[in-house]
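Content type mmCIF, C-alpha atoms, from the file data.cif:
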```
data_query
loop_
_atom_site.label_atom_id
_atom_site.label_comp_id
_atom_site.auth_asym_id
_atom_site.auth_seq_id
_atom_site.Cartn_x
_atom_site.Cartn_y
_atom_site.Cartn_z
CA MET A 1 0.00 0.00 0.00
CA SER A 2 1.39 3.38 -0.94
CA ALA A 3 2.03 6.11 1.59
CA ARG A 4 -0.59 8.25 -0.13
CA ALA A 5 -3.20 5.48 0.15
CA ILE A 6 -2.45 5.05 3.85
CA LEU A 7 -2.82 8.78 4.39
CA VAL A 8 -6.17 8.83 2.56
CA ILE A 9 -7.48 5.91 4.63
CA ALA A 10 -6.32 7.61 7.82
CA ALA A 11 -8.01 10.85 6.83
CA VAL A 12 -11.28 9.10 5.99
CA ALA A 13 -11.15 7.24 9.31
CA ALA A 14 -10.61 10.51 11.14
CA ILE A 15 -13.55 12.18 9.43
CA SER A 16 -15.89 9.23 10.02
CA ILE A 17 -15.53 9.38 13.81
CA THR A 18 -18.42 11.43 15.13
CA VAL A 19 -20.07 11.16 18.47
CA PRO A 20 -23.79 11.44 19.10
CA ALA A 21 -25.28 12.64 22.34
CA ALA A 22 -24.56 10.28 25.16
CA ALA A 23 -23.25 11.96 28.20
CA HIS A 24 -24.43 12.48 31.72
CA HIS A 25 -24.63 16.25 31.35
CA SER A 26 -24.09 18.86 28.70
CA PHE A 27 -20.56 20.24 28.47
CA ALA A 28 -21.94 23.71 27.86
CA ALA A 29 -24.11 23.60 31.00
CA GLU A 30 -20.98 23.45 33.15
CA TYR A 31 -17.98 24.68 31.14
CA ASP A 32 -17.03 27.82 29.24
CA GLY A 33 -16.06 27.01 25.66
CA THR A 34 -14.08 30.24 25.39
CA LYS A 35 -11.82 29.46 28.34
CA ALA A 36 -9.38 26.80 27.20
CA VAL A 37 -6.66 26.14 29.74
CA ARG A 38 -3.56 23.99 30.25
CA LEU A 39 -2.88 22.87 33.82
CA GLU A 40 0.21 20.98 34.95
CA GLY A 41 0.39 19.83 38.52
CA THR A 42 0.95 17.16 41.12
CA LEU A 43 -1.86 14.73 41.79
CA VAL A 44 -3.16 15.01 45.34
CA LYS A 45 -6.43 13.06 45.07
CA ILE A 46 -7.96 10.63 42.58
CA GLU A 47 -11.67 9.76 42.56
CA TRP A 48 -12.20 6.87 40.12
CA THR A 49 -15.98 7.20 40.38
CA ASN A 50 -19.23 7.59 38.48
CA PRO A 51 -20.72 9.60 36.91
CA HIS A 52 -17.29 11.18 36.37
CA THR A 53 -13.75 10.61 37.47
CA TYR A 54 -12.18 13.55 39.28
CA PHE A 55 -8.51 14.33 39.69
CA TYR A 56 -7.23 17.02 41.99
CA ILE A 57 -3.86 18.59 41.32
CA ASP A 58 -1.72 21.26 42.94
CA VAL A 59 -0.47 23.74 40.36
CA LYS A 60 2.67 25.62 41.37
CA GLN A 61 2.53 29.38 41.08
CA PRO A 62 5.43 31.70 40.27
CA ASP A 63 5.59 32.79 43.93
CA GLY A 64 6.07 29.19 45.08
CA THR A 65 2.57 28.66 46.44
CA ALA A 66 0.25 26.02 45.01
CA VAL A 67 -3.31 26.36 43.75
CA ARG A 68 -5.54 23.30 43.84
CA TRP A 69 -7.64 22.45 40.79
CA GLY A 70 -10.36 19.89 40.34
CA LEU A 71 -10.45 18.15 36.96
CA GLU A 72 -13.54 16.38 35.68
CA ALA A 73 -13.14 13.57 33.16
CA GLY A 74 -15.33 10.85 31.69
CA SER A 75 -16.61 7.91 33.68
CA PRO A 76 -14.22 5.13 34.71
CA GLY A 77 -15.77 2.93 32.03
CA ALA A 78 -15.24 5.56 29.33
CA LEU A 79 -11.60 6.10 30.30
CA SER A 80 -10.92 2.36 30.54
CA ARG A 81 -12.26 1.84 27.03
CA ARG A 82 -9.69 4.39 25.85
CA GLY A 83 -6.86 2.55 27.60
CA PHE A 84 -6.64 4.91 30.60
CA LYS A 85 -6.81 2.65 33.66
CA ARG A 86 -6.89 3.51 37.33
CA GLY A 87 -3.38 2.10 37.77
CA ASP A 88 -1.94 4.55 35.25
CA ILE A 89 -1.84 7.36 37.81
CA LYS A 90 -1.13 7.71 41.51
CA VAL A 91 -0.97 10.51 44.05
CA GLY A 92 2.31 12.36 43.61
CA ASP A 93 2.46 11.91 39.83
CA THR A 94 2.58 14.92 37.54
CA ILE A 95 -0.08 15.18 34.87
CA ILE A 96 -0.85 17.77 32.23
CA VAL A 97 -4.46 18.51 31.45
CA ASP A 98 -5.86 20.55 28.57
CA GLY A 99 -9.46 21.53 29.04
CA TYR A 100 -11.97 24.24 29.74
CA ARG A 101 -12.74 26.19 32.89
CA ALA A 102 -16.05 25.94 34.71
CA ARG A 103 -18.54 28.68 33.93
CA ASP A 104 -19.01 29.44 37.63
CA GLY A 105 -15.36 30.56 37.92
CA SER A 106 -14.36 27.87 40.42
CA ASN A 107 -11.04 26.07 40.12
CA LEU A 108 -12.66 23.26 38.18
CA ALA A 109 -11.89 22.29 34.60
CA ASP A 110 -13.13 19.71 32.14
CA ALA A 111 -10.20 17.47 31.23
CA ARG A 112 -10.63 17.01 27.48
CA ARG A 113 -7.05 15.84 26.96
CA VAL A 114 -4.81 14.24 29.59
CA THR A 115 -1.07 13.69 29.26
CA LEU A 116 -0.29 10.78 31.56
CA PRO A 117 2.93 10.36 33.54
CA ASP A 118 4.15 7.81 30.97
CA GLY A 119 3.71 10.35 28.16
CA ARG A 120 0.57 8.87 26.65
CA VAL A 121 -2.05 11.37 25.60
CA VAL A 122 -5.66 10.29 26.07
CA ALA A 123 -9.03 11.91 25.50
CA GLY A 124 -10.49 12.69 28.91
CA GLY A 125 -13.86 14.17 28.09
CA SER A 126 -17.30 12.61 28.22
CA ALA A 127 -18.26 11.36 24.77
CA GLY A 128 -21.36 13.00 23.40
CA ASP A 129 -21.61 15.82 25.92
CA GLY A 130 -21.45 18.36 23.11
CA GLY A 131 -17.98 19.46 24.14
CA PRO A 132 -15.02 19.95 21.80
CA GLN A 133 -13.70 16.60 20.56
CA MET B 134 17.56 0.86 6.29
CA THR B 135 16.01 4.06 7.60
CA PRO B 136 12.65 4.99 5.99
CA ARG B 137 12.36 8.38 4.41
CA PRO B 138 10.93 11.04 6.78
CA ILE B 139 7.70 11.36 4.78
CA VAL B 140 7.10 7.62 4.96
CA ARG B 141 7.83 7.62 8.69
CA ALA B 142 5.37 10.49 9.16
CA VAL B 143 2.67 8.80 7.14
CA LEU B 144 3.13 5.53 9.00
CA ALA B 145 2.93 7.38 12.31
CA VAL B 146 -0.34 9.03 11.27
CA ALA B 147 -1.74 5.74 9.99
CA THR B 148 -0.77 3.91 13.18
CA SER B 149 -2.25 6.62 15.31
CA MET B 150 -5.47 6.57 13.29
CA ALA B 151 -5.63 2.78 13.49
CA LEU B 152 -5.44 3.08 17.27
CA CYS B 153 -8.19 5.72 17.22
CA VAL B 154 -10.41 3.52 15.07
CA SER B 155 -9.76 0.55 17.32
CA VAL B 156 -10.72 2.61 20.37
CA ALA B 157 -13.76 4.02 18.56
CA ALA B 158 -14.91 0.47 17.88
CA GLN B 159 -15.21 0.02 21.63
CA GLU B 160 -17.01 3.31 22.12
CA LEU B 161 -20.67 3.67 23.00
CA THR B 162 -21.91 4.10 19.45
CA SER B 163 -21.23 2.14 16.31
CA ASP B 164 -21.25 2.26 12.55
CA ASP B 165 -23.98 0.30 10.84
CA ALA B 166 -23.37 -3.41 10.32
CA PRO B 167 -25.45 -5.04 7.56
CA SER B 168 -26.98 -8.33 8.58
CA THR B 169 -26.83 -11.65 6.79
CA LYS B 170 -28.93 -13.42 9.41
CA PRO B 171 -32.71 -13.31 9.79
CA THR B 172 -34.71 -12.02 12.73
CA PRO B 173 -34.31 -14.40 15.68
CA ARG B 174 -37.57 -15.68 17.13
CA THR B 175 -38.74 -16.99 20.47
CA ALA B 176 -40.36 -20.38 21.05
CA SER B 177 -43.74 -18.74 20.51
CA GLY B 178 -42.66 -17.52 17.07
CA LYS B 179 -42.49 -13.83 17.97
CA PRO B 180 -39.39 -11.76 17.15
CA ASP B 181 -36.84 -11.81 19.95
CA LEU B 182 -35.77 -8.24 20.65
CA SER B 183 -33.11 -9.33 23.17
CA GLY B 184 -29.64 -7.96 22.67
CA TYR B 185 -27.11 -5.24 23.54
CA TRP B 186 -28.05 -2.34 21.29
CA LYS B 187 -25.84 0.57 20.24
CA GLY B 188 -26.83 3.82 18.59
CA MET B 189 -25.41 4.47 15.16
CA ARG B 190 -23.15 7.39 14.36
CA ASN B 191 -25.36 8.54 11.52
CA THR B 192 -28.32 9.15 13.84
CA THR B 193 -28.35 12.92 13.91
CA PRO B 194 -29.00 15.14 15.67
CA GLY B 195 -28.44 12.96 18.71
CA GLY B 196 -30.43 13.75 21.82
CA ASN B 197 -33.05 15.82 19.98
CA ILE B 198 -36.62 14.47 20.03
CA GLY B 199 -37.42 16.75 17.07
CA LYS B 200 -34.87 14.86 14.93
CA ASP B 201 -37.41 13.87 12.29
CA LEU B 202 -39.24 17.22 12.06
CA PRO B 203 -38.41 19.97 9.53
CA GLY B 204 -35.83 22.24 11.14
CA PHE B 205 -36.11 20.06 14.27
CA LYS B 206 -39.01 22.37 15.17
CA LEU B 207 -41.38 20.92 17.75
CA PRO B 208 -45.06 22.00 17.58
CA LEU B 209 -45.18 23.65 21.00
CA THR B 210 -48.36 25.17 22.41
CA PRO B 211 -48.04 28.48 24.32
CA ALA B 212 -47.96 26.42 27.53
CA GLY B 213 -45.26 24.25 25.95
CA GLU B 214 -43.23 27.34 25.02
CA ALA B 215 -43.47 28.55 28.61
CA ALA B 216 -42.40 25.12 29.90
CA LEU B 217 -39.43 25.10 27.53
CA LYS B 218 -38.42 28.56 28.70
CA HIS B 219 -38.67 27.36 32.31
CA ASN B 220 -36.51 24.33 31.54
CA LEU B 221 -33.89 26.47 29.80
CA THR B 222 -33.70 29.18 32.43
CA ALA B 223 -34.67 27.63 35.75
CA THR B 224 -33.93 23.89 35.74
CA VAL B 225 -30.79 21.78 35.81
CA ASP B 226 -30.83 18.76 33.50
CA PRO B 227 -32.62 16.07 35.55
CA GLU B 228 -30.33 13.34 34.23
CA ALA B 229 -27.33 15.31 35.47
CA LEU B 230 -28.98 15.19 38.90
CA CYS B 231 -29.28 11.41 38.52
CA ILE B 232 -33.02 11.49 37.98
CA ILE B 233 -34.36 8.87 35.56
CA GLY B 234 -34.58 10.21 32.03
CA GLY B 235 -37.70 8.20 31.22
CA ILE B 236 -39.38 7.67 27.89
CA PRO B 237 -39.05 8.95 25.21
CA ARG B 238 -35.77 10.57 26.32
CA HIS B 239 -33.94 7.24 26.69
CA ASN B 240 -34.79 6.42 23.08
CA ALA B 241 -33.04 9.62 21.97
CA SER B 242 -29.91 8.93 24.03
CA GLY B 243 -26.59 7.93 22.51
CA LEU B 244 -25.99 5.37 25.25
CA PRO B 245 -26.33 1.63 24.58
CA PHE B 246 -29.05 -0.38 26.27
CA GLU B 247 -29.86 -4.04 26.68
CA VAL B 248 -33.16 -5.83 26.07
CA LEU B 249 -34.09 -9.08 27.78
CA GLN B 250 -37.32 -10.58 26.50
CA GLY B 251 -39.44 -13.20 28.21
CA ALA B 252 -42.74 -14.73 27.17
CA ASN B 253 -44.92 -12.23 29.05
CA LYS B 254 -42.52 -9.46 29.99
CA ILE B 255 -39.75 -7.46 28.33
CA ALA B 256 -37.03 -5.56 30.19
CA PHE B 257 -35.06 -2.60 28.89
CA LEU B 258 -31.85 -2.15 30.87
CA TYR B 259 -30.23 1.26 30.58
CA PHE B 260 -26.67 2.51 30.89
CA TYR B 261 -27.24 4.40 34.14
CA SER B 262 -28.44 1.19 35.81
CA TYR B 263 -32.08 2.18 35.30
CA PHE B 264 -34.58 -0.29 33.90
CA ARG B 265 -38.16 -0.65 32.79
CA ALA B 266 -39.97 -4.00 32.83
CA ILE B 267 -43.05 -4.03 30.65
CA PRO B 268 -45.82 -6.61 30.77
CA ILE B 269 -46.79 -8.10 27.41
CA ASP B 270 -50.47 -8.76 27.85
CA ALA B 271 -53.13 -8.40 25.16
CA ASN B 272 -55.86 -8.06 27.79
CA ARG B 273 -54.33 -5.48 30.10
CA LYS B 274 -55.81 -1.98 30.21
CA HIS B 275 -54.40 1.26 31.59
CA SER B 276 -55.35 2.22 35.14
CA ASP B 277 -57.88 4.99 35.68
CA ASP B 278 -55.39 7.12 37.59
CA PRO B 279 -51.87 5.67 37.39
CA ASP B 280 -49.21 6.93 39.77
CA PRO B 281 -47.01 9.33 37.80
CA SER B 282 -43.62 7.90 36.87
CA PHE B 283 -40.71 8.70 34.56
CA PHE B 284 -41.30 5.73 32.26
CA GLY B 285 -45.07 5.95 32.65
CA GLU B 286 -47.53 3.09 33.00
CA GLU B 287 -46.44 0.83 30.17
CA ILE B 288 -48.39 -1.97 28.51
CA GLY B 289 -46.95 -4.17 25.79
CA LYS B 290 -48.95 -5.97 23.11
CA TRP B 291 -48.00 -7.78 19.93
CA ASP B 292 -49.34 -6.47 16.63
CA GLY B 293 -48.09 -9.19 14.29
CA ASP B 294 -44.27 -8.98 14.48
CA THR B 295 -44.35 -5.54 16.12
CA LEU B 296 -44.24 -5.07 19.88
CA VAL B 297 -46.39 -2.06 20.74
CA ILE B 298 -45.69 -0.34 24.07
CA ASP B 299 -48.39 2.12 25.07
CA SER B 300 -47.53 4.44 27.97
CA ILE B 301 -49.42 7.07 29.98
CA GLY B 302 -49.13 8.33 33.56
CA PHE B 303 -45.97 10.41 33.33
CA LYS B 304 -44.40 12.94 35.67
CA ASP B 305 -45.00 16.58 34.89
CA GLU B 306 -42.10 18.16 36.77
CA LYS B 307 -38.33 17.74 36.80
CA VAL B 308 -38.56 16.18 33.37
CA TRP B 309 -36.97 16.97 30.04
CA ILE B 310 -38.28 15.05 27.04
CA ASP B 311 -34.79 15.11 25.46
CA GLU B 312 -31.27 16.38 26.05
CA ASN B 313 -32.11 19.82 24.66
CA ALA B 314 -34.49 20.60 27.55
CA ASN B 315 -37.70 20.25 25.56
CA PRO B 316 -40.64 19.69 27.92
CA HIS B 317 -43.44 17.23 28.40
CA SER B 318 -46.46 17.37 30.68
CA ASP B 319 -48.40 14.75 32.62
CA ALA B 320 -50.69 14.47 29.57
CA LEU B 321 -47.91 12.70 27.66
CA HIS B 322 -48.97 9.59 25.77
CA VAL B 323 -46.21 7.61 24.05
CA VAL B 324 -46.74 4.71 21.67
CA GLU B 325 -43.58 2.84 20.71
CA ARG B 326 -43.69 0.26 17.90
CA TRP B 327 -40.61 -1.98 18.18
CA THR B 328 -39.43 -4.33 15.44
CA ARG B 329 -36.32 -6.37 14.72
CA PRO B 330 -36.11 -6.29 10.92
CA ASP B 331 -33.06 -8.57 10.84
CA TYR B 332 -30.55 -10.07 13.25
CA ASN B 333 -28.39 -6.95 13.57
CA HIS B 334 -31.00 -4.23 13.97
CA ILE B 335 -33.75 -3.09 16.27
CA HIS B 336 -36.06 -0.25 15.28
CA VAL B 337 -38.67 1.94 16.95
CA ASP B 338 -41.35 4.15 15.49
CA THR B 339 -42.61 6.45 18.23
CA ARG B 340 -45.76 8.55 18.36
CA ILE B 341 -45.60 11.30 20.95
CA GLU B 342 -48.80 13.02 21.98
CA ASP B 343 -49.05 15.70 24.64
CA PRO B 344 -51.99 18.06 24.05
CA LYS B 345 -50.96 20.37 26.90
CA PHE B 346 -47.52 21.15 25.44
CA TYR B 347 -47.75 20.16 21.75
CA THR B 348 -50.35 21.25 19.19
CA ARG B 349 -50.31 17.87 17.44
CA PRO B 350 -48.76 14.43 17.84
CA PHE B 351 -45.32 13.98 16.28
CA THR B 352 -43.07 11.03 15.55
CA TYR B 353 -39.55 9.91 16.32
CA ALA B 354 -37.98 6.90 14.57
CA ARG B 355 -34.64 5.29 15.21
CA THR B 356 -32.61 2.16 14.47
CA TRP B 357 -29.90 0.62 16.66
CA VAL B 358 -27.28 -1.97 15.75
CA LEU B 359 -26.39 -5.10 17.73
CA GLY B 360 -23.23 -4.72 19.81
CA PRO B 361 -20.37 -7.22 19.71
CA PRO B 362 -20.79 -10.29 21.97
CA ASP B 363 -18.03 -9.12 24.32
CA GLU B 364 -19.71 -5.79 25.09
CA GLU B 365 -22.27 -5.49 27.85
CA LEU B 366 -23.64 -3.10 30.45
CA HIS B 367 -21.58 -2.37 33.53
CA GLU B 368 -22.42 -0.80 36.87
CA TYR B 369 -22.92 2.96 36.67
CA SER B 370 -23.81 4.48 40.01
CA CYS B 371 -24.92 7.92 38.94
CA SER B 372 -25.15 9.47 42.38
CA GLU B 373 -21.87 8.03 43.71
CA ASN B 374 -19.86 11.21 43.34
CA ASN B 375 -21.90 13.76 41.45
CA VAL B 376 -19.54 16.67 42.07
CA ASN B 377 -20.69 18.41 38.92
CA ARG B 378 -24.19 19.05 40.25
CA GLU B 379 -22.89 22.02 42.24
CA HIS B 380 -21.41 23.60 39.11
CA LEU B 381 -24.16 23.12 36.52
CA GLY B 382 -26.05 26.04 35.09
CA PHE B 383 -29.70 25.94 34.04
CA GLY B 384 -30.63 24.36 30.74
CA PRO B 385 -28.35 22.48 28.35
CA GLY B 386 -26.39 25.56 27.24
CA PRO B 387 -26.43 26.70 23.63
CA ILE B 388 -28.02 24.52 20.93
CA ARG B 389 -26.09 24.45 17.65
CA LYS B 390 -27.62 24.96 14.23
CA ASP B 391 -27.38 21.20 13.61
CA GLY B 392 -29.79 20.61 16.50
CA THR B 393 -27.22 19.32 19.01
CA ARG B 394 -26.20 20.89 22.28
CA GLY B 395 -22.84 22.63 22.54
CA TYR B 396 -20.83 25.68 21.53
CA GLU B 397 -20.72 26.45 17.82
CA ASP B 398 -17.06 27.54 17.84
CA PRO B 399 -15.26 26.67 21.07
CA ALA B 400 -11.76 27.97 21.65
CA PRO B 401 -9.12 25.43 20.61
CA LEU B 402 -7.17 23.57 23.25
CA PRO B 403 -3.45 24.29 23.56
CA PRO B 404 -1.37 22.18 21.15
CA PRO B 405 -0.63 18.68 22.44
CA VAL B 406 2.42 18.24 24.62
CA PRO B 407 5.33 17.00 22.44
CA LYS B 408 6.26 13.38 23.05
CA LYS B 409 9.29 12.94 25.31
#
```
Please lay out the structure from this file as C-alpha cells.
Amino acid sequence: MSARAILVIAAVAAISITVPAAAHHSFAAEYDGTKAVRLEGTLVKIEWTNPHTYFYIDVKQPDGTAVRWGLEAGSPGALSRRGFKRGDIKVGDTIIVDGYRARDGSNLADARRVTLPDGRVVAGGSAGDGGPQ
Amino acid sequence: MTPRPIVRAVLAVATSMALCVSVAAQELTSDDAPSTKPTPRTASGKPDLSGYWKGMRNTTPGGNIGKDLPGFKLPLTPAGEAALKHNLTATVDPEALCIIGGIPRHNASGLPFEVLQGANKIAFLYFYSYFRAIPIDANRKHSDDPDPSFFGEEIGKWDGDTLVIDSIGFKDEKVWIDENANPHSDALHVVERWTRPDYNHIHVDTRIEDPKFYTRPFTYARTWVLGPPDEELHEYSCSENNVNREHLGFGPGPIRKDGTRGYEDPAPLPPPVPKK
C-alpha cells in the first residue's frame, strides 16, 4: 500500500468518527467554551468514580505557592475503554491537562485531553456531551 | 535501512489513526453493520428483541426528540413554550442530577441499552443502571389514575411482528423530554412500535402526543445496531460522586444549528504536549 493510500485511509477514518449525544450532562451547561486552559500539577487526590472521574492537582505558582484544581473527566468505564486505567496514575504523579474552565469561575476544569505520567495522551472528556472533541 | 521522513510520518499518522479507530470500535456508538442473518424468534414464534443495542453514528441530531421534524421544530403550544423557557432558564438537567430520564428521552440517548425478552414481559436495561420491565399482555388496560412515573404506566402488546408499548401516567415536573431541555407534561402519551427487521437491527417508530404542550402528535424513529458479543452493560452508580451538580447552570447551554447541544465555535485547546 502506498504512503498516499495510507494517508487517505487515515483521513477518511478521522472524518468518520463522530459522536452522538450520550453523556451524563451537557458540556456547555458546566464549562465555558471560550476558556481553554492547560494545567500541569501534582496529583493530590484521585476519585475513580461515576458519573465522572475527578482528579485534583496542585499547580505551582510563580511565587512558590500552590493552587488546587479539580479536573472532571469521563466515567471510569469511558476512560478504561480508551486505555486509561486507574493504575496509570497515583498521588504524587505529575499530569498535564488541557481543558476548559467551569462557567461558575471555580477552580474546576473539564479534562478534554490528559497527558499521563508515561507520556501517553488520552481523551479525557465525556463522549457525546457536546464538548469539543 | 532508515525509511524516508515522509514515509515515517505517514506511517505514524496511519498507526495513530488505526489506534483511534480501534478505540472508537469500543465506544458507545457504532457504525452500521449489515446483517446476513434473519430475525431471531422466540419459542412462541415472535421476534426476539433481546440484545445489547448501540446507537449508530449517523443518527443525527443525537439527543433531539425533534430529529425527524423539519428544522427540528417541535409544535409547541403556548404552555409548551413557557415550559421550555422554564426548563432552559430555571432547571438543571434532571439526568445530570441522577433522575431517571424516562421515555421517550432514553430512546433519543446515545448510550447503549440491553433488552431481555421473556414470554410475558420485556425488560429494557439502561446505561445508568435504570430499567423498565413491561408486561406483554393483550388483555391489560391502563389504570384509571396511574401513579405518575418517569417511564409511565407501560403496557406491551404484539401487533403481528411488532411489539407495541403504550404508555401514559408520566411525571410533569423535573422532566426533560430530550437532552435539549424540551418539555413534556403529565398528559404525555407515548406509543412505541418496536421491530427487529433482521438479526443486527432493532427499530422503533414512536408517536408522541401531549396536548398540553404540543399542538399535534409527532413522531420519532430510530434504528440501533447489535453490539459485539463481548460488550455489555456495567455498573454505573450515577449518584456516587456527582460533584458536577454544584457547578451546573440551568438548561443544556447553547443549541447548535445542527440541533445538538454545545458551543458552535469553542476555543481550541493548547497544542498537544510533544512526546518525550
Query raised in the report: Closest to A:Val122 among A:Tyr31, A:Phe84, A:Trp48, A:Tyr56, using only C-alpha atoms?
Result: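 Result for the nearest residue to A:Val122: A:Phe84.
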**Report entry** Residue nearest B:His336 - candidates B:Leu249, B:Leu359, B:Cys371, B:Ile310, atoms counted: all atoms listed in the file
**Finding:**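 Distance minimum relative to B:His336 lands on B:Leu359.
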How close does chain B get to chain A? List, as CSV, each residue of chain B within 6 Å, its nearest atom pair and the distance in Å to one decimal, counting only C-alpha atoms.
```
residue,atom,partner,partner_atom,distance
B:Ala147,CA,A:Ala10,CA,5.4
B:Met150,CA,A:Ala10,CA,5.6
B:Val156,CA,A:Arg82,CA,5.9
B:Gly195,CA,A:Ala21,CA,4.8
B:Gly196,CA,A:Ala21,CA,5.3
B:Ala229,CA,A:His25,CA,5.0
B:Ser242,CA,A:Ala22,CA,5.6
B:Gly243,CA,A:Ala22,CA,4.1
B:Leu244,CA,A:Ala22,CA,5.1
B:Ser370,CA,A:Asn50,CA,5.7
B:Cys371,CA,A:Pro51,CA,5.0
B:Glu373,CA,A:Asn50,CA,5.9
B:His380,CA,A:Glu30,CA,6.0
B:Leu381,CA,A:Glu30,CA,4.6
B:Gly382,CA,A:Ala29,CA,5.1
B:Pro385,CA,A:Ala29,CA,5.1
B:Gly386,CA,A:Ala29,CA,4.8
B:Arg394,CA,A:Gly130,CA,5.4
B:Gly395,CA,A:Gly130,CA,4.5
B:Pro399,CA,A:Gly33,CA,4.7
B:Ala400,CA,A:Thr34,CA,5.0
B:Leu402,CA,A:Ala36,CA,5.6
```
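When all atoms listed in the file are used to compute distances to B:Leu202, the closest of the residues B:Ser276, B:Ser282, B:Asn220, B:Thr352 turns out to be B:Thr352.
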Query raised in the report: Between B:Ala252, B:Ile388, B:Val376, B:Leu366, which has the minimum distance to A:Leu71 (counting only C-alpha atoms)?
Result: B:Val376
Report summary line: Of A:Lys85, A:Asn107, A:Ile95, A:Lys90, the one sitting nearest A:Arg68 when using all atoms listed in the file is A:Asn107
Query raised in the report: Of the candidates B:Glu247, B:Pro171, B:Arg238, B:Asp181, which shows the shortest atom-to-atom distance to B:His367, using only C-alpha atoms?
Result: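 For B:His367, the nearest of the given residues is B:Glu247.
Atom pair atom CA of B:Ser300 / atom CA of B:Asp165: separated by 29.4 Å.
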Query raised in the report: Hey, what comes out of the PyMOL selection byres ((chain B and resi 264) around 12) on this file? Could you write it as a list in words?
Result: Ile233, Gly234, Gly235, Ile236, His239, Phe246, Glu247, Val248, Leu249, Ile255, Ala256, Phe257, Leu258, Tyr259, Phe260, Tyr261, Ser262, Tyr263, Arg265, Ala266, Ile267, Phe283, Phe284 and Leu366 of chain B
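Taking atom CA of A:Thr94 and atom CA of A:Gly41 as endpoints, the distance between them is 5.5 Å.
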Query - Output check: residues returned by the PyMOL selection byres ((chain B and resi 272) around 10), as a VMD selection string - result: chain B and resid 269 to 271 273 to 274 288 to 290
Query - Exercise: B:Gly392 partners within 10 Å, only C-alpha atoms, chain neighbours under 5 positions left out, as an NGL selection string - result: :B and (193-200 or 204-206 or 313 or 387)
Report task. Would you write out, as a ChimeraX atom specification, every residue that the PyMOL selection byres ((chain B and resi 297) around 10) captures in this file? Result -> /B:269,287-296,298-300,324-328,337-339
**Report entry** atom CA of B:Lys254 to atom CA of B:Cys231, distance in Å rounded to a single decimal
**Finding:**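 One can read the atom CA of B:Lys254 to atom CA of B:Cys231 distance as 26.1 Å.
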Query - For A:Val67: contacts at 9 Å, all atoms listed in the file, fewer than 5 positions along chain excluded, given as a VMD selection string - result: chain A and resid 57 to 61 107
Assuming 3 Å of padding per side, give the centre and edge lengths of the axis-aligned box around every listed atom of stretch 78-87 of chain A, in Å to one decimal and as AutoDock Vina command-line options.
```
--center_x -9.3 --center_y 4.0 --center_z 31.8 --size_x 17.9 --size_y 10.3 --size_z 17.9
```
